[in-house]
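Everything below concerns the one structure shown next.
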Amino acid sequence: MATWAYLGFQDGASPLMEQLIFFHDHIMLILIMIITFVGYMMVSLIMNSYINRFMLENQTIELIWTALPAVILVFIALPSLRLLYLLDEVNSPTMTLKTIGHQWYWSYEYSDFLNVEFDSYMTPSNEMTSSSFRLLDVDNRTVVPMNTQIRVIITAADVIHSWTVPSLGVKADAIPGRLNQSSFLITRPGLFFGQCSEICGANHSFMPIVIESVSTDSFLNWISLSYSD
């Protein structure tokens, strides 16, 4: 999760988030090279007063500074398009999770199991323990198995919400009367925090998301306990 004054991305916990971070680093490298080159040229133009009469008009240099940006844009566009298609791809999901946004809490339904559904509210301040995270912890965590392709179907019951978990690279709008779809695969166990990312009313800041990634055996034990309850 993000900490105070942390400016980078959260550690990726899914292949898609790792790819997004790689793409960000790729573009930052290109930008640093461009800024360095342009800055050097500007400083050198300011600092010297030499004039080269042959450079007042030169077709070759104009061709270069027209073609080079086009080549750089291709190096940015191709990885970007590849990543866009990867983010929209749903690869034979093993499990489906339905998420419904309300004012101001989330409801979850495990469509592959009978009668496994619950509401997830933010933990009030007076019920928090010393290990709780203020404004981020919930009373019912969303438990999912790791190393499993999970499809998330997202909708809302009242106004537009947005189901967002940064460390998984997932951000999808929850729109009343419409189903949005996303998918992810968590590569390690842990707790992954998110929040609603669409302004949805007075308590928009108080509807967090907590994904708990566990082993397959632990997940099946949790499901069996849910049935017994």
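Chain lettering (A, B, ...) mirrors the order of the structure tokens, residue numbering begins at 1 for each chain separately, and ligand numbering begins at 1 in order of display.
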Neighbouring residues of segment 5-10 of chain A were defined as those with any atom within 8 Å, considering only C-alpha atoms; residues of the same chain fewer than 5 positions away were excluded. Please report them as a ChimeraX atom specification. /A:21,166-167
Next, the residues of the selection above should be written as a PDB file, in the first residue's frame with N, CA and C atoms.
```pdb
ATOM      1  N   ILE A  21       3.862  -0.731 -14.900  1.00  0.00           N
ATOM      2  CA  ILE A  21       5.038  -0.076 -14.317  1.00  0.00           C
ATOM      3  C   ILE A  21       6.192  -0.085 -15.313  1.00  0.00           C
ATOM      4  N   PRO A 166      -5.141  -0.193  -6.884  1.00  0.00           N
ATOM      5  CA  PRO A 166      -3.942   0.205  -7.634  1.00  0.00           C
ATOM      6  C   PRO A 166      -2.890  -0.891  -7.775  1.00  0.00           C
ATOM      7  N   SER A 167      -2.628  -1.662  -6.715  1.00  0.00           N
ATOM      8  CA  SER A 167      -1.558  -2.659  -6.790  1.00  0.00           C
ATOM      9  C   SER A 167      -1.906  -3.823  -7.695  1.00  0.00           C
TER      10      SER A 167
END
```
Could you pull the residues within 7 Å of Phe184 of chain A, counting only C-alpha atoms, minus those fewer than 5 positions along the same chain, as number ranges by chain? A: 14, 149-151, 168
N, CA, C and O atoms of the current selection, written as a PDB file, in the first residue's frame:
```pdb
ATOM      1  N   SER A  14       0.165  -8.090  -9.609  1.00  0.00           N
ATOM      2  CA  SER A  14      -0.406  -8.846 -10.724  1.00  0.00           C
ATOM      3  C   SER A  14       0.446  -8.587 -11.967  1.00  0.00           C
ATOM      4  O   SER A  14       1.105  -7.544 -12.059  1.00  0.00           O
ATOM      5  N   GLN A 149      -6.913 -16.964 -12.211  1.00  0.00           N
ATOM      6  CA  GLN A 149      -7.483 -15.919 -13.066  1.00  0.00           C
ATOM      7  C   GLN A 149      -8.894 -15.609 -12.590  1.00  0.00           C
ATOM      8  O   GLN A 149      -9.765 -16.474 -12.596  1.00  0.00           O
ATOM      9  N   ILE A 150      -9.112 -14.373 -12.170  1.00  0.00           N
ATOM     10  CA  ILE A 150     -10.391 -13.971 -11.575  1.00  0.00           C
ATOM     11  C   ILE A 150     -11.033 -12.902 -12.446  1.00  0.00           C
ATOM     12  O   ILE A 150     -10.400 -11.908 -12.798  1.00  0.00           O
ATOM     13  N   ARG A 151     -12.287 -13.126 -12.780  1.00  0.00           N
ATOM     14  CA  ARG A 151     -13.060 -12.123 -13.526  1.00  0.00           C
ATOM     15  C   ARG A 151     -13.920 -11.342 -12.536  1.00  0.00           C
ATOM     16  O   ARG A 151     -14.569 -11.932 -11.666  1.00  0.00           O
ATOM     17  N   LEU A 168      -3.178  -3.965  -8.082  1.00  0.00           N
ATOM     18  CA  LEU A 168      -3.585  -5.011  -9.028  1.00  0.00           C
ATOM     19  C   LEU A 168      -3.760  -4.460 -10.440  1.00  0.00           C
ATOM     20  O   LEU A 168      -4.018  -5.216 -11.373  1.00  0.00           O
TER      21      LEU A 168
END
```
Considering only strand (DSSP E or B) as DSSP defines it on the backbone, what residues of segment 30-202 of chain A qualify? List them as an MDAnalysis selection string. chainID A and resid 95:102 105:110 117:120 122 138 142:145 149:156 161:165 170:174 176 180:185 190:196
Using only C-alpha atoms, which residues sit within 9 Å of Ser213 of chain A once same-chain residues fewer than 3 positions away are excluded, as a list of chain:residue names? A:Thr142, A:Val143, A:Val144, A:Pro145, A:Met146, A:Ile186, A:Thr187, A:Arg188, A:Pro189, A:Gly190, A:Leu191, A:Phe192, A:Phe219
Residues of the last selection are to be written out with C-alpha atoms, as a CSV table (one decimal), in the first residue's frame.
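The result, written out as again31.csv:
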```
chain,number,residue,atom,x,y,z
A,142,THR,CA,-12.9,-9.8,-0.2
A,143,VAL,CA,-11.1,-13.2,-0.1
A,144,VAL,CA,-9.7,-14.5,-3.4
A,145,PRO,CA,-7.2,-17.3,-4.2
A,146,MET,CA,-3.8,-16.4,-5.5
A,186,ILE,CA,-2.7,-12.1,-8.0
A,187,THR,CA,0.8,-13.4,-7.8
A,188,ARG,CA,1.4,-13.3,-4.0
A,189,PRO,CA,-0.6,-13.5,-0.8
A,190,GLY,CA,-1.4,-10.4,1.1
A,191,LEU,CA,-3.8,-7.5,1.7
A,192,PHE,CA,-4.4,-5.1,-1.2
A,219,PHE,CA,-9.9,-20.0,0.1
```
May I have the residues within 12 Å of Asn203 of chain A as number ranges by chain, using only C-alpha atoms and disregarding those fewer than 5 positions away in the same chain? A: 102-105, 121-122, 135, 161, 195-196, 198, 208
Between A:Leu225, A:Leu20, A:Glu212, A:Asp173, which has the minimum distance to Leu83 of chain A (counting only C-alpha atoms)?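 Between A:Leu225, A:Leu20, A:Glu212, A:Asp173, the residue approaching Leu83 of chain A most closely is A:Leu20.
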Hey, which of A:Leu73, A:Leu185, A:Ile32, A:Met42 ends up closest to Met95 of chain A? Count only C-alpha atoms.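 Looking only at the distances to Met95 of chain A, the closest residue turns out to be A:Leu185.
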Might you pull out every residue within 7 Å of Gln181 of chain A, with only C-alpha atoms counted and same-chain residues fewer than 6 positions away left off, and present them as a ChimeraX atom specification? /A:152-154
